[in-house]
file coords_2.cif (mmCIF, C-alpha atoms)
data_my_file
loop_
_atom_site.label_atom_id
_atom_site.label_comp_id
_atom_site.auth_asym_id
_atom_site.auth_seq_id
_atom_site.Cartn_x
_atom_site.Cartn_y
_atom_site.Cartn_z
CA MET A 526 59.52 6.15 -23.94
CA ILE A 527 56.37 4.53 -22.47
CA ASP A 528 54.19 2.55 -24.86
CA ALA A 529 50.55 2.01 -23.92
CA SER A 530 48.11 -0.63 -25.09
CA ILE A 531 44.77 -1.78 -23.72
CA SER A 532 42.97 -5.10 -23.88
CA ASP A 533 39.85 -6.08 -21.95
CA GLY A 534 40.28 -3.06 -19.72
CA VAL A 535 43.90 -3.75 -18.75
CA VAL A 536 46.30 -1.00 -19.77
CA VAL A 537 49.84 -2.29 -20.35
CA LEU A 538 52.44 0.44 -19.90
CA THR A 539 55.78 -0.64 -21.32
CA MET A 540 58.90 1.34 -20.48
CA ASN A 541 60.93 1.33 -23.67
CA ALA A 542 64.11 3.34 -23.02
CA GLU A 543 66.94 0.80 -22.83
CA GLU A 544 67.69 0.61 -19.09
CA ASN A 545 64.51 2.56 -18.30
CA ARG A 546 66.26 5.00 -16.01
CA PHE A 547 64.45 7.93 -14.45
CA ASN A 548 65.11 11.38 -15.88
CA GLY A 549 62.96 14.38 -16.69
CA PRO A 550 61.49 13.00 -19.93
CA MET A 551 60.75 9.58 -18.39
CA LEU A 552 58.88 11.12 -15.47
CA GLU A 553 56.87 13.30 -17.86
CA ALA A 554 56.01 10.20 -19.87
CA PHE A 555 54.81 8.47 -16.70
CA LYS A 556 52.65 11.43 -15.76
CA GLU A 557 51.01 11.51 -19.18
CA ALA A 558 50.44 7.74 -19.21
CA LEU A 559 48.88 7.68 -15.75
CA ASP A 560 46.79 10.76 -16.51
CA ASN A 561 45.40 8.93 -19.54
CA VAL A 562 44.51 5.90 -17.42
CA GLU A 563 42.72 8.00 -14.81
CA SER A 564 40.74 9.86 -17.46
CA SER A 565 39.66 6.65 -19.18
CA ASP A 566 36.31 5.09 -18.29
CA THR A 567 37.39 1.75 -19.76
CA ALA A 568 40.71 1.32 -17.92
CA ALA A 569 40.17 -1.18 -15.11
CA ALA A 570 43.79 -1.98 -14.26
CA VAL A 571 47.40 -1.25 -15.18
CA VAL A 572 50.30 -3.61 -15.80
CA LEU A 573 53.71 -1.94 -15.76
CA THR A 574 56.64 -3.63 -17.47
CA GLY A 575 59.91 -2.99 -19.29
CA THR A 576 61.72 -4.32 -22.32
CA GLY A 577 64.70 -6.59 -22.82
CA LYS A 578 66.72 -7.40 -19.74
CA PHE A 579 65.70 -4.33 -17.74
CA PHE A 580 62.58 -3.48 -15.80
CA SER A 581 64.23 -0.28 -14.56
CA ASN A 582 67.77 0.49 -13.48
CA GLY A 583 66.87 3.48 -11.32
CA LEU A 584 67.95 7.10 -11.56
CA ASP A 585 69.63 8.35 -14.74
CA LEU A 586 72.66 9.76 -12.93
CA GLU A 587 74.42 10.72 -16.15
CA TRP A 588 71.42 12.75 -17.36
CA MET A 589 71.07 14.38 -13.94
CA THR A 590 74.76 15.36 -13.83
CA GLU A 591 74.56 16.98 -17.24
CA ALA A 592 71.22 18.66 -16.51
CA GLY A 593 72.44 20.36 -13.34
CA GLU A 594 71.53 20.65 -9.67
CA GLU A 595 68.02 22.02 -10.13
CA SER A 596 67.06 19.31 -12.61
CA THR A 597 68.53 16.69 -10.28
CA ARG A 598 66.33 17.95 -7.46
CA LEU A 599 63.28 17.91 -9.70
CA VAL A 600 63.94 14.32 -10.79
CA VAL A 601 64.35 13.08 -7.21
CA GLU A 602 61.19 14.89 -6.17
CA GLY A 603 59.33 13.75 -9.28
CA LEU A 604 60.24 10.14 -8.59
CA GLN A 605 58.85 10.40 -5.06
CA ALA A 606 55.66 11.92 -6.47
CA LEU A 607 55.39 8.97 -8.89
CA TYR A 608 55.73 6.46 -6.05
CA MET A 609 53.15 8.34 -4.01
CA ARG A 610 50.74 8.33 -6.94
CA LEU A 611 51.15 4.61 -7.58
CA LEU A 612 50.68 3.72 -3.91
CA ALA A 613 47.19 5.22 -3.95
CA PHE A 614 46.32 4.74 -7.62
CA PRO A 615 42.57 4.24 -8.08
CA VAL A 616 42.89 1.10 -10.21
CA PRO A 617 45.18 -1.88 -9.49
CA VAL A 618 48.74 -1.68 -10.75
CA ILE A 619 50.73 -4.89 -11.21
CA ALA A 620 54.46 -4.89 -11.95
CA ALA A 621 55.56 -7.40 -14.59
CA VAL A 622 59.24 -7.48 -13.69
CA ASN A 623 60.79 -8.65 -16.92
CA GLY A 624 64.41 -8.09 -15.90
CA HIS A 625 66.68 -6.15 -13.56
CA ALA A 626 64.95 -3.89 -11.02
CA PHE A 627 67.60 -1.82 -9.29
CA ALA A 628 67.43 1.11 -6.85
CA GLY A 629 64.67 3.47 -7.96
CA GLY A 630 63.44 0.78 -10.35
CA ALA A 631 63.12 -1.70 -7.50
CA MET A 632 61.13 0.87 -5.54
CA LEU A 633 58.94 1.43 -8.59
CA ALA A 634 58.03 -2.26 -8.49
CA LEU A 635 57.32 -2.02 -4.76
CA ALA A 636 55.01 0.96 -5.31
CA CYS A 637 52.78 -1.29 -7.41
CA ASP A 638 50.10 -3.46 -5.80
CA GLU A 639 51.70 -6.79 -6.75
CA ARG A 640 54.76 -8.09 -8.57
CA VAL A 641 55.37 -10.95 -11.03
CA MET A 642 59.06 -11.59 -11.76
CA ARG A 643 60.80 -13.46 -14.53
CA GLU A 644 62.03 -16.69 -13.00
CA ASP A 645 65.31 -17.18 -14.86
CA ARG A 646 66.91 -13.76 -15.26
CA GLY A 647 67.18 -10.46 -13.49
CA TYR A 648 67.80 -9.19 -9.98
CA PHE A 649 65.88 -7.10 -7.48
CA CYS A 650 68.37 -4.89 -5.68
CA LEU A 651 68.48 -1.78 -3.50
CA PRO A 652 72.20 -0.88 -3.84
CA GLU A 653 72.04 2.55 -2.20
CA VAL A 654 74.22 1.51 0.74
CA ASP A 655 76.98 0.49 -1.69
CA ILE A 656 76.77 3.58 -3.91
CA ASN A 657 76.63 5.99 -0.96
CA ILE A 658 73.15 7.35 -1.62
CA PRO A 659 70.98 7.28 1.52
CA PHE A 660 67.26 6.64 1.28
CA VAL A 661 65.14 9.71 1.83
CA SER A 662 62.40 9.21 4.39
CA GLY A 663 59.63 8.60 1.85
CA MET A 664 61.58 5.93 0.00
CA SER A 665 62.49 4.22 3.26
CA LYS A 666 58.84 4.24 4.37
CA LEU A 667 57.77 2.84 0.99
CA ILE A 668 60.16 -0.08 1.25
CA GLN A 669 59.18 -0.79 4.84
CA ALA A 670 55.49 -0.63 3.96
CA LYS A 671 55.83 -3.28 1.26
CA LEU A 672 58.43 -5.66 2.74
CA THR A 673 58.65 -7.57 5.98
CA PRO A 674 61.04 -6.04 8.54
CA ALA A 675 63.55 -8.81 7.87
CA ALA A 676 63.40 -8.37 4.09
CA ALA A 677 63.65 -4.58 4.35
CA HIS A 678 66.64 -4.89 6.68
CA LYS A 679 68.45 -7.27 4.34
CA ALA A 680 67.64 -5.32 1.17
CA MET A 681 68.39 -1.84 2.51
CA LEU A 682 71.48 -2.50 4.65
CA SER A 683 73.30 -5.15 2.61
CA GLY A 684 72.52 -4.11 -0.97
CA HIS A 685 71.86 -7.80 -1.64
CA ARG A 686 70.92 -8.84 -5.17
CA PHE A 687 67.84 -11.04 -4.97
CA GLY A 688 67.41 -13.46 -7.84
CA ALA A 689 63.84 -14.45 -8.61
CA PRO A 690 63.57 -17.56 -6.38
CA GLU A 691 65.07 -15.64 -3.46
CA ALA A 692 62.84 -12.63 -4.10
CA LEU A 693 59.82 -14.92 -3.89
CA GLU A 694 61.15 -16.59 -0.74
CA TRP A 695 61.60 -13.19 0.95
CA GLY A 696 58.14 -12.00 -0.11
CA ILE A 697 59.47 -9.26 -2.38
CA VAL A 698 57.52 -10.59 -5.37
CA ASP A 699 54.23 -12.48 -5.43
CA GLU A 700 54.80 -14.90 -8.31
CA LEU A 701 57.48 -16.15 -10.70
CA ALA A 702 56.94 -16.89 -14.37
CA ALA A 703 58.80 -17.91 -17.50
CA GLU A 704 59.89 -15.07 -19.74
CA ASP A 705 56.91 -15.36 -22.08
CA GLN A 706 54.47 -15.69 -19.19
CA VAL A 707 55.48 -12.70 -17.04
CA LEU A 708 53.10 -10.31 -18.75
CA PRO A 709 50.15 -12.77 -19.03
CA LYS A 710 50.52 -13.73 -15.37
CA ALA A 711 50.61 -10.08 -14.34
CA ILE A 712 47.46 -9.40 -16.36
CA GLU A 713 45.82 -12.40 -14.73
CA ARG A 714 46.61 -11.01 -11.28
CA THR A 715 44.62 -7.85 -12.02
CA GLU A 716 41.34 -9.77 -12.18
CA PRO A 717 40.44 -10.07 -8.46
CA LEU A 718 41.47 -6.44 -7.86
CA SER A 719 39.62 -4.88 -10.79
CA GLY A 720 36.08 -3.55 -10.98
CA LYS A 721 36.15 -1.80 -7.62
CA ASN A 722 34.94 1.73 -6.98
CA ARG A 723 37.91 3.93 -7.77
CA ASP A 724 37.36 6.42 -4.95
CA VAL A 725 36.96 3.65 -2.39
CA ALA A 726 40.02 1.76 -3.61
CA SER A 727 42.16 4.90 -3.55
CA THR A 728 40.93 5.84 -0.08
CA ILE A 729 41.75 2.38 1.27
CA LYS A 730 45.25 2.57 -0.21
CA ASN A 731 45.78 6.05 1.23
CA VAL A 732 44.96 4.72 4.69
CA MET A 733 46.99 1.50 4.26
CA TYR A 734 50.10 3.37 3.16
CA GLN A 735 49.52 6.62 5.02
CA ASP A 736 52.99 6.82 6.59
CA ALA A 737 54.77 6.24 3.29
CA ILE A 738 52.51 8.61 1.35
CA GLU A 739 52.90 11.40 3.90
CA ALA A 740 56.67 10.97 3.91
CA LEU A 741 56.85 10.93 0.10
CA ALA A 742 54.70 14.06 -0.03
CA ARG A 743 57.49 15.98 1.73
CA LEU A 744 59.57 15.56 -1.46
CA GLU A 745 62.95 15.43 0.23
CA SER A 746 66.15 15.49 -1.81
CA PHE A 747 69.32 13.52 -1.22
#
call {"tool": "encode", "arguments": {"input": "coords_2.cif", "output": "structure tokens"}}
result
Amino acid sequence: MIDASISDGVVVLTMNAEENRFNGPMLEAFKEALDNVESSDTAAAVVLTGTGKFFSNGLDLEWMTEAGEESTRLVVEGLQALYMRLLAFPVPVIAAVNGHAFAGGAMLALACDERVMREDRGYFCLPEVDINIPFVSGMSKLIQAKLTPAAAHKAMLSGHRFGAPEALEWGIVDELAAEDQVLPKAIERTEPLSGKNRDVASTIKNVMYQDAIEALARLESF
């Protein structure tokens, strides 16, 4: 579900579950992968990516419906815990956005330190306003912490689909790349952020994103 490889200290975590939607097993796979990074003395950075035309398409609503109300609550809370963990992760995390990043998948990209997006395919979109799912406080704070007020307003209240050039223009992503260069460019962007004291880096992130982290820690459900 999440494949891991490491080269020159950069751990590449590849979501490999078709649309890479969030359900119980996917969140467990994330926890295990991130635990392994934190326990490794050689891991200096993480690059998070997907496969095919999807980075992540958000919550696995079909799985959640079949699993029941309690499992749905646990998935929503587990996703917030994942965002919170990434916001303050002790090594840099770069999103290599290989394809569509929708809803919870778009927020996953925002929880990373930086984002490289494929230039010719895929959308960044927060469609919650169109699918009648309001943002819980932590998710709202996350988006507002990572986007300008204007970009957050447009993304959250219109459900607009940002293609790569527009996502760069609005400051949602940091760089565009051809399909075969998304991952290499993301790895390259880890270099100036790597090699820092983990405790110091995590502490700085906790202070930078304090409002979002505190709101996510409340683990609200829809």
call {"tool": "atom_distance", "arguments": {"input": "coords_2.cif", "atom1": "CA of Ala680 (chain A)", "atom2": "CA of Ile697 (chain A)"}}
result
9.7 Å
call {"tool": "residues_around", "arguments": {"input": "coords_2.cif", "residues": "Arg546 (chain A)", "least_positions_apart": "3", "cutoff": "8 Å", "atoms": "only C-alpha atoms", "output": "ChimeraX atom specification"}}
result
/A:542,551,581-585,630
call {"tool": "closest_residue", "arguments": {"input": "coords_2.cif", "among": "A:Thr597, A:Pro709, A:Leu718, A:Pro659", "to": "Ser532 (chain A)", "atoms": "all atoms listed in the file"}}
result
A:Pro709
call {"tool": "closest_residue", "arguments": {"input": "coords_2.cif", "among": "A:Gly575, A:Gly593, A:Pro617, A:Gly549", "to": "Glu563 (chain A)", "atoms": "all atoms listed in the file"}}
result
A:Pro617
call {"tool": "resolve_selection", "arguments": {"input": "coords_2.cif", "expression": "the PyMOL selection byres ((chain A and resi 670) around 12)", "output": "count of residues only"}}
result
29
call {"tool": "residues_around", "arguments": {"input": "coords_2.cif", "residues": "Leu586 (chain A)", "least_positions_apart": "3", "cutoff": "12 Å", "atoms": "all atoms listed in the file", "output": "number ranges by chain"}}
result
A: 546-549, 582-583, 589-594, 596-598, 600-601, 628-629, 656, 658
call {"tool": "write_last_selection", "arguments": {"input": "coords_2.cif", "atoms": "C-alpha atoms", "output": "mmCIF file, keeping the file's coordinate frame"}}
result
data_model
loop_
_atom_site.group_PDB
_atom_site.id
_atom_site.type_symbol
_atom_site.label_atom_id
_atom_site.label_comp_id
_atom_site.auth_asym_id
_atom_site.auth_seq_id
_atom_site.Cartn_x
_atom_site.Cartn_y
_atom_site.Cartn_z
ATOM 1 C CA ARG A 546 66.260 5.000 -16.010
ATOM 2 C CA PHE A 547 64.450 7.930 -14.450
ATOM 3 C CA ASN A 548 65.110 11.380 -15.880
ATOM 4 C CA GLY A 549 62.960 14.380 -16.690
ATOM 5 C CA ASN A 582 67.770 0.490 -13.480
ATOM 6 C CA GLY A 583 66.870 3.480 -11.320
ATOM 7 C CA MET A 589 71.070 14.380 -13.940
ATOM 8 C CA THR A 590 74.760 15.360 -13.830
ATOM 9 C CA GLU A 591 74.560 16.980 -17.240
ATOM 10 C CA ALA A 592 71.220 18.660 -16.510
ATOM 11 C CA GLY A 593 72.440 20.360 -13.340
ATOM 12 C CA GLU A 594 71.530 20.650 -9.670
ATOM 13 C CA SER A 596 67.060 19.310 -12.610
ATOM 14 C CA THR A 597 68.530 16.690 -10.280
ATOM 15 C CA ARG A 598 66.330 17.950 -7.460
ATOM 16 C CA VAL A 600 63.940 14.320 -10.790
ATOM 17 C CA VAL A 601 64.350 13.080 -7.210
ATOM 18 C CA ALA A 628 67.430 1.110 -6.850
ATOM 19 C CA GLY A 629 64.670 3.470 -7.960
ATOM 20 C CA ILE A 656 76.770 3.580 -3.910
ATOM 21 C CA ILE A 658 73.150 7.350 -1.620
#
call {"tool": "atom_distance", "arguments": {"input": "coords_2.cif", "atom1": "CA of Ala703 (chain A)", "atom2": "CA of Ala631 (chain A)"}}
result
19.5 Å
call {"tool": "closest_residue", "arguments": {"input": "coords_2.cif", "among": "A:Val725, A:Met681, A:Ala626, A:Leu708", "to": "Pro652 (chain A)", "atoms": "only C-alpha atoms"}}
result
A:Met681
call {"tool": "closest_residue", "arguments": {"input": "coords_2.cif", "among": "A:Asn541, A:Ser662, A:Ser719, A:Ser683", "to": "Thr567 (chain A)", "atoms": "all atoms listed in the file"}}
result
A:Ser719
call {"tool": "atom_distance", "arguments": {"input": "coords_2.cif", "atom1": "CA of Leu559 (chain A)", "atom2": "CA of His625 (chain A)"}}
result
22.6 Å
